[in-house]
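Chemist: For reference, the file my_file_5.cif (mmCIF, C-alpha atoms) is included below:
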data_data
#
loop_
_atom_site.label_atom_id
_atom_site.label_comp_id
_atom_site.auth_asym_id
_atom_site.auth_seq_id
_atom_site.Cartn_x
_atom_site.Cartn_y
_atom_site.Cartn_z
CA MET A 1456 104.19 80.18 103.88
CA SER A 1457 100.89 78.52 103.15
CA VAL A 1458 98.23 80.55 101.40
CA PHE A 1459 95.63 79.10 103.74
CA SER A 1460 94.59 81.68 106.26
CA SER A 1461 93.75 79.41 109.15
CA ALA A 1462 94.95 76.21 110.70
CA HIS A 1463 91.39 74.91 110.50
CA ARG A 1464 91.42 75.00 106.72
CA GLN A 1465 94.84 73.40 106.60
CA LYS A 1466 93.58 70.54 108.74
CA ARG A 1467 90.53 70.13 106.58
CA SER A 1468 92.70 70.06 103.48
CA ALA A 1469 95.08 67.48 104.93
CA SER A 1470 92.27 65.17 105.99
CA THR A 1471 90.64 65.48 102.59
CA VAL A 1472 93.89 64.50 100.92
CA SER A 1473 94.17 61.36 103.04
CA THR A 1474 90.60 60.22 102.48
CA ASP A 1475 90.04 60.99 98.84
CA SER A 1476 93.26 61.68 97.00
CA ALA A 1477 91.68 61.47 93.56
CA ALA A 1478 89.33 64.40 94.24
CA THR A 1479 91.87 66.85 95.63
CA THR A 1480 94.83 68.88 94.52
CA ALA A 1481 98.01 69.54 96.45
CA PRO A 1482 97.86 72.59 98.75
CA ILE A 1483 99.72 75.63 97.43
CA THR A 1484 102.63 76.91 99.46
CA LEU A 1485 104.19 80.29 98.87
CA SER A 1486 107.97 80.39 98.83
CA GLU A 1487 109.86 83.00 100.84
CA ARG A 1488 110.66 84.94 97.65
CA SER A 1489 107.02 84.93 96.54
CA SER A 1490 105.96 86.17 99.97
CA MET A 1491 108.52 88.97 99.81
CA GLY A 1492 107.36 89.83 96.28
CA LEU A 1493 103.76 90.01 97.45
CA ALA A 1494 104.82 92.21 100.35
CA LEU A 1495 106.53 94.63 97.96
CA ILE A 1496 103.45 94.75 95.72
CA ARG A 1497 101.33 95.42 98.82
CA ILE A 1498 103.58 98.32 99.86
CA PHE A 1499 103.41 99.91 96.40
CA VAL A 1500 99.63 99.55 96.17
CA GLY A 1501 99.36 101.14 99.63
CA TYR A 1502 101.59 103.97 98.44
CA LEU A 1503 99.33 104.42 95.41
CA TRP A 1504 96.39 105.05 97.74
CA LEU A 1505 98.45 107.27 100.05
CA GLN A 1506 99.43 109.46 97.10
CA GLN A 1507 95.79 110.04 96.20
CA LEU A 1508 95.35 111.90 99.49
CA SER A 1509 97.59 114.68 98.20
CA TRP A 1510 95.05 116.31 95.87
CA LYS A 1511 92.02 116.19 98.18
CA LEU A 1512 93.42 117.48 101.43
CA PRO A 1513 91.32 118.66 104.36
CA PRO A 1514 89.74 120.92 105.46
CA ASP A 1515 87.89 121.58 102.16
CA PHE A 1516 88.75 118.38 100.15
CA LYS A 1517 88.60 120.64 97.11
CA GLY A 1518 90.11 118.26 94.55
CA LEU A 1519 87.46 115.65 95.24
CA HIS A 1520 84.50 117.91 94.45
CA SER A 1521 84.80 117.87 90.64
CA TYR A 1522 85.03 114.05 90.64
CA VAL A 1523 81.86 113.71 92.71
CA VAL A 1524 80.08 116.04 90.30
CA ARG A 1525 81.29 113.90 87.36
CA GLU A 1526 80.07 110.77 89.10
CA GLY A 1527 76.65 112.37 89.38
CA LEU A 1528 76.65 112.94 85.62
CA TYR A 1529 78.07 109.68 84.32
CA THR A 1530 77.24 106.94 86.82
CA ILE A 1531 76.02 103.65 85.37
CA VAL A 1532 73.84 102.81 88.36
CA PRO A 1533 70.22 104.01 88.08
CA GLY A 1534 69.31 106.27 91.00
CA TYR A 1535 72.90 106.78 92.14
CA SER A 1536 72.95 110.15 90.40
CA TYR A 1537 70.04 111.26 92.59
CA VAL A 1538 71.89 110.13 95.75
CA ILE A 1539 75.01 112.06 94.70
CA GLN A 1540 73.14 115.23 93.85
CA HIS A 1541 70.74 115.31 96.79
CA ILE A 1542 72.69 113.66 99.59
CA PHE A 1543 76.43 113.62 98.85
CA LEU A 1544 76.95 117.05 97.29
CA PRO A 1545 74.92 119.03 99.87
CA ASN A 1546 76.97 117.30 102.59
CA PHE A 1547 80.23 117.35 100.69
CA ILE A 1548 82.53 118.06 103.66
CA ILE A 1549 81.25 115.00 105.52
CA LEU A 1550 81.60 112.89 102.37
CA GLY A 1551 85.13 114.24 101.80
CA ALA A 1552 86.14 113.51 105.38
CA CYS A 1553 84.81 109.94 105.13
CA VAL A 1554 86.53 109.27 101.78
CA TRP A 1555 89.82 110.81 102.95
CA THR A 1556 89.80 108.85 106.19
CA ALA A 1557 88.93 105.60 104.42
CA GLU A 1558 91.73 106.07 101.88
CA LEU A 1559 94.20 106.97 104.63
CA LEU A 1560 93.20 103.88 106.62
CA ALA A 1561 93.43 101.60 103.59
CA SER A 1562 96.82 102.95 102.57
CA LEU A 1563 98.30 102.61 106.06
CA CYS A 1564 96.94 99.05 106.39
CA LEU A 1565 98.62 98.10 103.10
CA ILE A 1566 101.89 99.99 103.58
CA PHE A 1567 102.49 98.61 107.06
CA GLY A 1568 100.87 95.24 106.46
CA ILE A 1569 98.58 95.66 109.45
CA PHE A 1570 95.17 94.02 109.06
CA THR A 1571 96.08 93.81 105.41
CA ARG A 1572 92.96 91.98 104.29
CA PHE A 1573 90.79 94.69 105.86
CA GLY A 1574 92.80 97.36 104.03
CA ALA A 1575 92.57 95.46 100.76
CA LEU A 1576 88.80 95.02 101.08
CA LEU A 1577 88.47 98.72 101.83
CA THR A 1578 90.31 99.52 98.59
CA VAL A 1579 87.96 97.15 96.74
CA LEU A 1580 84.99 99.05 98.15
CA LEU A 1581 86.46 102.45 97.26
CA ALA A 1582 87.51 101.33 93.79
CA THR A 1583 84.10 99.74 93.10
CA GLN A 1584 82.42 103.04 93.94
CA LEU A 1585 84.80 104.78 91.53
CA TYR A 1586 84.10 102.18 88.84
CA LEU A 1587 80.34 102.60 89.12
CA GLY A 1588 80.59 106.37 89.11
CA LEU A 1589 83.46 107.24 86.81
CA ALA A 1590 84.52 104.30 84.67
CA PHE A 1591 82.32 105.28 81.72
CA ALA A 1592 82.79 109.04 81.96
CA PRO A 1593 84.32 110.70 78.88
CA GLY A 1594 88.12 110.55 78.86
CA GLU A 1595 88.30 107.72 81.38
CA TRP A 1596 89.74 104.29 80.62
CA TYR A 1597 87.36 102.01 82.50
CA TRP A 1598 90.01 99.40 83.16
CA THR A 1599 91.80 101.90 85.43
CA TYR A 1600 89.17 101.38 88.10
CA GLY A 1601 88.72 97.73 87.17
CA MET A 1602 92.41 97.14 87.82
CA LEU A 1603 92.19 98.92 91.15
CA ILE A 1604 89.41 96.52 92.16
CA LEU A 1605 91.43 93.52 90.97
CA LEU A 1606 94.55 94.67 92.83
CA GLY A 1607 92.53 94.94 96.01
CA LEU A 1608 91.00 91.52 95.48
CA VAL A 1609 94.41 89.94 94.94
CA LEU A 1610 95.74 91.44 98.17
CA ALA A 1611 92.63 90.30 100.03
CA SER A 1612 93.02 86.75 98.70
CA VAL A 1613 96.59 86.10 99.83
CA PRO A 1614 98.36 86.70 103.14
CA ALA A 1615 100.30 89.69 101.81
CA GLY A 1616 101.00 91.21 105.21
CA ARG A 1617 102.86 88.20 106.59
CA ARG A 1618 106.20 89.48 105.36
CA LEU A 1619 107.53 93.03 105.85
CA GLY A 1620 104.34 93.77 107.76
CA PHE A 1621 102.88 93.77 111.26
CA ASP A 1622 100.62 90.86 110.34
CA GLN A 1623 103.62 88.56 110.60
CA PHE A 1624 103.55 89.31 114.33
CA ILE A 1625 99.82 89.78 114.82
CA ALA A 1626 98.23 87.01 112.74
CA PRO A 1627 99.64 83.93 114.55
CA ARG A 1628 98.72 85.42 117.93
CA LEU A 1629 95.18 86.18 116.82
CA GLN A 1630 94.81 82.73 115.29
CA ALA A 1631 95.90 81.14 118.56
CA ARG A 1632 93.05 82.92 120.39
CA ALA A 1633 90.48 82.73 117.61
CA ARG A 1634 88.77 79.57 118.79
CA SER A 1635 87.67 80.93 122.13
CA ASN A 1636 86.60 84.40 121.01
CA ARG A 1637 84.39 85.28 118.05
CA PHE A 1638 85.60 88.90 117.85
CA VAL A 1639 89.21 87.75 117.71
CA ARG A 1640 88.21 85.26 115.00
CA VAL A 1641 86.93 88.12 112.85
CA LEU A 1642 90.07 90.15 113.55
CA SER A 1643 92.16 87.10 112.71
CA TRP A 1644 90.43 86.80 109.33
CA LEU A 1645 91.15 90.45 108.58
CA ALA A 1646 94.90 90.17 109.31
CA MET B 1208 130.53 91.28 112.06
CA ARG B 1209 127.67 89.13 110.85
CA SER B 1210 125.06 91.37 112.47
CA ILE B 1211 126.62 94.42 110.78
CA ARG B 1212 126.52 92.67 107.40
CA ARG B 1213 122.88 91.73 107.98
CA GLY B 1214 122.10 95.29 109.01
CA LEU B 1215 123.83 96.64 105.90
CA PHE B 1216 121.85 94.30 103.63
CA ALA B 1217 118.55 95.14 105.35
CA GLY B 1218 119.31 98.86 105.22
CA LEU B 1219 120.28 98.82 101.54
CA LEU B 1220 117.12 96.92 100.65
CA ALA B 1221 114.91 99.24 102.69
CA GLY B 1222 116.69 102.27 101.20
CA LEU B 1223 116.10 100.91 97.70
CA ILE B 1224 112.39 100.39 98.43
CA LEU B 1225 112.16 103.95 99.73
CA ALA B 1226 113.99 105.31 96.68
CA LEU B 1227 111.62 103.41 94.35
CA LEU B 1228 108.57 104.69 96.24
CA TYR B 1229 109.83 108.27 95.98
CA PHE B 1230 110.62 107.66 92.31
CA VAL B 1231 106.97 106.88 91.51
CA ASP B 1232 105.74 109.79 93.63
CA TYR B 1233 104.17 112.69 91.77
CA GLY B 1234 102.77 114.45 94.82
CA PRO B 1235 103.66 117.96 95.90
CA GLY B 1236 106.71 116.64 97.77
CA ALA B 1237 108.62 115.61 94.59
CA ASN B 1238 110.41 113.43 97.03
CA LEU B 1239 113.65 112.41 95.35
CA HIS B 1240 114.44 116.12 95.06
CA THR B 1241 113.42 116.59 98.68
CA ALA B 1242 115.88 113.87 99.71
CA ALA B 1243 118.63 115.67 97.76
CA LYS B 1244 117.70 118.91 99.54
CA TRP B 1245 118.50 117.33 102.92
CA PHE B 1246 122.18 117.66 102.00
CA ALA B 1247 121.80 120.76 99.78
CA LEU B 1248 122.55 118.65 96.70
CA ASP B 1249 119.38 119.31 94.73
CA SER B 1250 119.52 120.55 91.17
CA ARG B 1251 116.96 120.61 88.39
CA GLY B 1252 118.76 118.09 86.18
CA ALA B 1253 120.45 115.64 88.52
CA GLY B 1254 118.57 116.22 91.79
CA GLY B 1255 116.32 113.21 91.32
CA LEU B 1256 119.20 110.84 90.62
CA ILE B 1257 121.22 112.25 93.53
CA GLY B 1258 118.21 111.75 95.81
CA PHE B 1259 117.80 108.17 94.58
CA VAL B 1260 121.43 107.24 95.27
CA LEU B 1261 121.45 109.17 98.53
CA LEU B 1262 118.47 107.24 99.88
CA ILE B 1263 120.14 103.90 99.17
CA VAL B 1264 123.47 105.01 100.71
CA LEU B 1265 121.76 106.49 103.78
CA GLY B 1266 119.63 103.35 104.03
CA GLY B 1267 122.80 101.26 104.13
CA LEU B 1268 124.42 103.51 106.76
CA PHE B 1269 121.38 103.46 109.04
CA GLY B 1270 121.20 99.70 108.49
CA VAL B 1271 124.81 99.31 109.67
CA ALA B 1272 123.92 101.33 112.78
CA PHE B 1273 120.99 98.97 113.31
CA GLY B 1274 123.29 95.96 112.96
CA VAL B 1275 125.76 97.42 115.47
CA PHE B 1276 122.92 98.00 117.92
CA GLN B 1277 121.68 94.43 117.52
CA ARG B 1278 125.14 92.86 117.97
CA GLY B 1279 125.18 90.24 120.69
CA ARG B 1280 121.44 90.50 121.32
CA GLU B 1281 118.91 87.77 120.85
CA VAL B 1282 116.79 88.58 117.78
CA THR B 1283 113.07 88.00 118.13
CA LEU B 1284 110.36 89.15 115.73
CA GLY B 1285 108.85 91.57 118.24
CA ARG B 1286 112.20 93.07 119.19
CA ALA B 1287 113.30 93.41 115.56
CA MET B 1288 110.01 95.16 114.75
CA VAL B 1289 110.16 97.58 117.67
CA SER B 1290 113.84 98.44 117.19
CA GLY B 1291 113.16 98.86 113.46
CA LEU B 1292 110.38 101.33 114.20
CA ILE B 1293 112.70 103.21 116.55
CA LEU B 1294 115.23 103.37 113.70
CA GLY B 1295 112.45 104.80 111.51
CA VAL B 1296 111.75 107.51 114.09
CA VAL B 1297 115.49 108.32 114.24
CA TRP B 1298 115.52 108.56 110.41
CA LEU B 1299 112.52 110.88 110.52
CA VAL B 1300 113.98 113.15 113.20
CA ILE B 1301 117.52 113.39 111.79
CA LEU B 1302 116.86 113.52 108.06
CA VAL B 1303 113.37 114.93 107.64
CA PHE B 1304 113.04 117.26 110.61
CA LEU B 1305 116.62 118.30 111.42
CA LEU B 1306 118.35 118.28 108.03
CA GLY B 1307 115.23 118.91 105.95
CA SER B 1308 113.00 121.27 107.89
CA LEU B 1309 115.41 122.97 110.30
CA VAL B 1310 118.62 123.23 108.26
CA GLY B 1311 117.32 123.02 104.70
CA HIS B 1312 114.05 124.92 105.31
CA VAL B 1313 112.07 122.32 103.34
CA SER B 1314 108.38 122.96 104.00
CA LEU B 1315 106.35 119.78 104.20
CA GLY B 1316 102.67 120.68 104.54
CA LEU B 1317 100.08 118.18 105.75
CA TYR B 1318 100.55 115.66 102.96
CA GLY B 1319 104.36 115.90 103.07
CA LEU B 1320 104.36 115.39 106.83
CA LEU B 1321 102.05 112.39 106.52
CA LEU B 1322 104.09 110.91 103.70
CA PHE B 1323 107.46 111.29 105.40
CA ILE B 1324 106.18 109.92 108.72
CA ALA B 1325 104.72 106.88 106.91
CA THR B 1326 107.75 106.22 104.72
CA SER B 1327 110.27 106.74 107.54
CA LEU B 1328 108.44 104.24 109.73
CA LEU B 1329 108.16 101.90 106.74
CA TYR B 1330 111.93 102.14 106.25
CA GLY B 1331 112.50 101.15 109.88
CA LEU B 1332 109.94 98.36 109.74
CA VAL B 1333 111.50 96.88 106.60
CA VAL B 1334 115.00 97.04 108.12
CA GLY B 1335 113.78 95.26 111.26
CA MET B 1336 111.81 92.61 109.38
CA VAL B 1337 114.50 91.86 106.79
CA TYR B 1338 117.11 91.70 109.56
CA PHE B 1339 114.93 89.26 111.49
CA GLN B 1340 114.18 87.21 108.39
CA SER B 1341 117.90 86.89 107.65
CA THR B 1342 118.44 85.32 111.06
CA VAL B 1343 115.63 82.78 110.73
CA ARG B 1344 116.54 79.26 109.81
CA ARG B 1345 113.92 78.23 107.30
CA ALA B 1346 111.84 75.13 107.91
CA LYS B 1347 112.14 72.55 105.14
#
As structure tokens, what does this structure read like?

Modeler:
Amino acid sequence: MSVFSSAHRQKRSASTVSTDSAATTAPITLSERSSMGLALIRIFVGYLWLQQLSWKLPPDFKGLHSYVVREGLYTIVPGYSYVIQHIFLPNFIILGACVWTAELLASLCLIFGIFTRFGALLTVLLATQLYLGLAFAPGEWYWTYGMLILLGLVLASVPAGRRLGFDQFIAPRLQARARSNRFVRVLSWLA
Amino acid sequence: MRSIRRGLFAGLLAGLILALLYFVDYGPGANLHTAAKWFALDSRGAGGLIGFVLLIVLGGLFGVAFGVFQRGREVTLGRAMVSGLILGVVWLVILVFLLGSLVGHVSLGLYGLLLFIATSLLYGLVVGMVYFQSTVRRAK
């Protein structure tokens, strides 16, 4: 499996190799074992996010509340504390529902390898928010959230859903239709 | 015979993945113990280990059933995926709902329900995909 996400890039790479071999490196190809390994890592990271739903269940999302309060106290972004205290906390149920849904969506995308890159980018977004809010709070090891961001970035960078995932079925079909339809092209990039 | 062997391999692998996922679980399900409860084999000391082994053995058995079902049929990616998901639903209904909830009175709650639906379907998907992958002749 090539790590390139589209045939277009593969073509570009091949033509570059033929015209200027001194300025290029050989394209990287993932072996079957590496692809399976990536798929397993993807499943476990998805499970990590699924597990985090267990302590902030609807309808009250109770477990999440204390973390949002802590973010308001220890965030490293100027002004974010104001947003948390005056917008997020007064509308906590809406915030909780959005966070819970986003985490559910991200975990299912990663576990089932369906639109994996979208799921991975969603985890990057969620983890970045956690990093900015909680990483420097007392008792926290800031690399925890840093590693969550990095895990998400890794899974967004490689085609991790192409084995043991729906993307193996979806991605080639989307790529085949991507040229004629811009929306499908975006979907194709997210798979 | 070859399809049964492939099914067994796919099932064992998927069962192992499931057992490892439940091993790292710290949610309210305590899922290796829950798996042991399906057959009334749970105990405080050895329940986790029994659940771990049970998941792999059951994975292999369901995989064999998958292989028997696929015998003589043309294997395509789409068909392997769909029949794998059906296997996951069968796993969910027999083990989680019938043996767990109805016979064993294991209460799941919202998170438990979500988790077991997701992991059962994952089991089926992995069986289908590994089975398909084992039939593919790799391009050199």

Chemist: Of the candidates B:Phe1269, B:Phe1216, B:Phe1276, B:Tyr1318, which shows the shortest atom-to-atom distance to chain A, using all atoms listed in the file?

Modeler: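 Nearest to chain A: B:Tyr1318.
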
Chemist: Using only C-alpha atoms, I'd like every residue of chain A that has an atom within 7 Å of chain B; please write them out as a PyMOL selection string.

Modeler: chain A and resi 1506+1509+1567+1619+1624

Chemist: Go ahead and write the residues just picked, C-alpha atoms, as an mmCIF file, in the coordinates of the input.

Modeler:
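Output file part.cif is given in full below:
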data_model
loop_
_atom_site.group_PDB
_atom_site.id
_atom_site.type_symbol
_atom_site.label_atom_id
_atom_site.label_comp_id
_atom_site.auth_asym_id
_atom_site.auth_seq_id
_atom_site.Cartn_x
_atom_site.Cartn_y
_atom_site.Cartn_z
ATOM 1 C CA GLN A 1506 99.430 109.460 97.100
ATOM 2 C CA SER A 1509 97.590 114.680 98.200
ATOM 3 C CA PHE A 1567 102.490 98.610 107.060
ATOM 4 C CA LEU A 1619 107.530 93.030 105.850
ATOM 5 C CA PHE A 1624 103.550 89.310 114.330
#

Chemist: Could you check how far atom CA of B:Leu1315 sits from atom CA of A:Ala1575, in Å to one decimal?

Modeler: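 Computing the Euclidean distance for atom CA of B:Leu1315 and atom CA of A:Ala1575 yields 28.2 Å.
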
Chemist: Give me the residues near stretch 1584-1587 of chain A as a VMD selection string, where near means some atom within 12 Å (using only C-alpha atoms) and where sequence neighbours in that chain fewer than 5 positions away do not count.

Modeler: chain A and resid 1519 1522 to 1523 1525 to 1536 1539 1554 1577 to 1579 1592 1595 to 1605

Chemist: Pull C-alpha atoms from the residues just selected and write them as a CSV table (one decimal), in the coordinates of the input.

Modeler:
chain,number,residue,atom,x,y,z
A,1519,LEU,CA,87.5,115.6,95.2
A,1522,TYR,CA,85.0,114.0,90.6
A,1523,VAL,CA,81.9,113.7,92.7
A,1525,ARG,CA,81.3,113.9,87.4
A,1526,GLU,CA,80.1,110.8,89.1
A,1527,GLY,CA,76.6,112.4,89.4
A,1528,LEU,CA,76.6,112.9,85.6
A,1529,TYR,CA,78.1,109.7,84.3
A,1530,THR,CA,77.2,106.9,86.8
A,1531,ILE,CA,76.0,103.6,85.4
A,1532,VAL,CA,73.8,102.8,88.4
A,1533,PRO,CA,70.2,104.0,88.1
A,1534,GLY,CA,69.3,106.3,91.0
A,1535,TYR,CA,72.9,106.8,92.1
A,1536,SER,CA,73.0,110.2,90.4
A,1539,ILE,CA,75.0,112.1,94.7
A,1554,VAL,CA,86.5,109.3,101.8
A,1577,LEU,CA,88.5,98.7,101.8
A,1578,THR,CA,90.3,99.5,98.6
A,1579,VAL,CA,88.0,97.2,96.7
A,1592,ALA,CA,82.8,109.0,82.0
A,1595,GLU,CA,88.3,107.7,81.4
A,1596,TRP,CA,89.7,104.3,80.6
A,1597,TYR,CA,87.4,102.0,82.5
A,1598,TRP,CA,90.0,99.4,83.2
A,1599,THR,CA,91.8,101.9,85.4
A,1600,TYR,CA,89.2,101.4,88.1
A,1601,GLY,CA,88.7,97.7,87.2
A,1602,MET,CA,92.4,97.1,87.8
A,1603,LEU,CA,92.2,98.9,91.2
A,1604,ILE,CA,89.4,96.5,92.2
A,1605,LEU,CA,91.4,93.5,91.0

Chemist: Let me know the residues the PyMOL selection byres ((chain B and resi 1244-1254) around 7) catches in the file above, as a ChimeraX atom specification.

Modeler: /B:1240-1243,1255-1258,1302,1306-1307,1311

Chemist: Residues proximal to (114.0, 105.9, 109.7) were defined as those with any atom within 10 Å of that point in the file's coordinates, counting only C-alpha atoms. Which are they, as a PyMOL selection string?

Modeler: chain B and resi 1218+1221-1222+1265-1266+1269-1270+1291-1303+1323-1334

Chemist: Could you please determine the separation between atom CA of A:Val1613 and atom CA of A:Leu1485 in Å, to one decimal place?

Modeler: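 These two atoms are separated by 9.6 Å.
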
Chemist: Once the PyMOL selection byres ((chain B and resi 1277-1283) around 9) has been applied to the shown file, what residues remain in the selection, as number ranges by chain?

Modeler: B: 1208-1211, 1214, 1272-1276, 1284-1288, 1290, 1338-1339, 1342

Chemist: So what do you get for atom CA of A:Thr1556 versus atom CA of A:Pro1513, distance-wise?

Modeler: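 Between these atoms lies a distance of 10.1 Å.
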
Chemist: For A:Phe1499, which residue among A:Ile1566, A:Ile1625, A:Ile1548, A:Ile1542 is the nearest when counting all atoms listed in the file?

Modeler: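 Using all atoms listed in the file, A:Phe1499 sits closest to A:Ile1566.
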
Chemist: Within 9 Å of (108.0, 87.5, 101.0) in the file's own coordinates, which protein, DNA or RNA residues have an atom, counting all atoms listed in the file? List them as a list of chain:residue names.

Modeler: A:Met1456, A:Leu1485, A:Ser1486, A:Glu1487, A:Arg1488, A:Ser1489, A:Ser1490, A:Met1491, A:Gly1492, A:Leu1493, A:Ala1494, A:Leu1495, A:Ala1615, A:Gly1616, A:Arg1617, A:Arg1618, A:Leu1619

Chemist: Take the PyMOL selection byres ((chain A and resi 1637-1646) around 10), run it mentally on this structure, and tell me the resulting residues as a PyMOL selection string.

Modeler: chain A and resi 1460-1461+1564+1568-1576+1611+1614-1617+1621-1623+1625-1636

Chemist: Which is closer to A:Trp1510 than all the others in A:Tyr1537, A:Ile1549, A:Ile1483, A:Trp1555, using all atoms listed in the file?

Modeler: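 With all atoms listed in the file as the atom set, the closest residue is A:Trp1555.
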
Chemist: Because some atoms of stretch 1294-1315 of chain B are absent here, can you restore N, CA and C atoms and send them as a tab-separated table (two decimals), in the frame of the given file?

Modeler:
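Generated output (result.tsv):
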chain	number	residue	atom	x	y	z
B	1294	LEU	N	114.30	102.90	114.74
B	1294	LEU	CA	115.23	103.37	113.70
B	1294	LEU	C	114.50	104.30	112.72
B	1295	GLY	N	113.26	103.96	112.40
B	1295	GLY	CA	112.45	104.80	111.51
B	1295	GLY	C	112.21	106.18	112.11
B	1296	VAL	N	111.96	106.22	113.42
B	1296	VAL	CA	111.75	107.51	114.09
B	1296	VAL	C	113.05	108.32	114.07
B	1297	VAL	N	114.19	107.63	114.29
B	1297	VAL	CA	115.49	108.32	114.24
B	1297	VAL	C	115.73	108.90	112.85
B	1298	TRP	N	115.41	108.10	111.82
B	1298	TRP	CA	115.52	108.56	110.41
B	1298	TRP	C	114.68	109.81	110.19
B	1299	LEU	N	113.45	109.76	110.68
B	1299	LEU	CA	112.52	110.88	110.52
B	1299	LEU	C	113.06	112.13	111.20
B	1300	VAL	N	113.53	111.98	112.43
B	1300	VAL	CA	113.98	113.15	113.20
B	1300	VAL	C	115.24	113.74	112.58
B	1301	ILE	N	116.23	112.87	112.29
B	1301	ILE	CA	117.52	113.39	111.79
B	1301	ILE	C	117.39	113.94	110.37
B	1302	LEU	N	116.85	113.13	109.47
B	1302	LEU	CA	116.86	113.52	108.06
B	1302	LEU	C	115.73	114.49	107.70
B	1303	VAL	N	114.52	114.13	108.09
B	1303	VAL	CA	113.37	114.93	107.64
B	1303	VAL	C	113.22	116.21	108.45
B	1304	PHE	N	113.28	116.08	109.78
B	1304	PHE	CA	113.04	117.26	110.61
B	1304	PHE	C	114.30	118.13	110.78
B	1305	LEU	N	115.42	117.49	111.16
B	1305	LEU	CA	116.62	118.30	111.42
B	1305	LEU	C	117.25	118.81	110.13
B	1306	LEU	N	117.67	117.86	109.26
B	1306	LEU	CA	118.35	118.28	108.03
B	1306	LEU	C	117.39	118.93	107.04
B	1307	GLY	N	116.19	118.38	106.93
B	1307	GLY	CA	115.23	118.91	105.95
B	1307	GLY	C	114.57	120.19	106.40
B	1308	SER	N	113.80	120.11	107.48
B	1308	SER	CA	113.00	121.27	107.89
B	1308	SER	C	113.83	122.35	108.57
B	1309	LEU	N	114.69	121.95	109.53
B	1309	LEU	CA	115.41	122.97	110.30
B	1309	LEU	C	116.57	123.58	109.52
B	1310	VAL	N	117.43	122.73	108.97
B	1310	VAL	CA	118.62	123.23	108.26
B	1310	VAL	C	118.28	123.65	106.83
B	1311	GLY	N	117.58	122.77	106.12
B	1311	GLY	CA	117.32	123.02	104.70
B	1311	GLY	C	116.08	123.84	104.41
B	1312	HIS	N	115.29	124.15	105.46
B	1312	HIS	CA	114.05	124.92	105.31
B	1312	HIS	C	113.11	124.31	104.27
B	1313	VAL	N	113.01	122.99	104.25
B	1313	VAL	CA	112.07	122.32	103.34
B	1313	VAL	C	110.70	122.31	104.03
B	1314	SER	N	109.72	122.97	103.39
B	1314	SER	CA	108.38	122.96	104.00
B	1314	SER	C	107.63	121.72	103.55
B	1315	LEU	N	106.96	121.07	104.50
B	1315	LEU	CA	106.35	119.78	104.20
B	1315	LEU	C	104.85	119.89	103.91
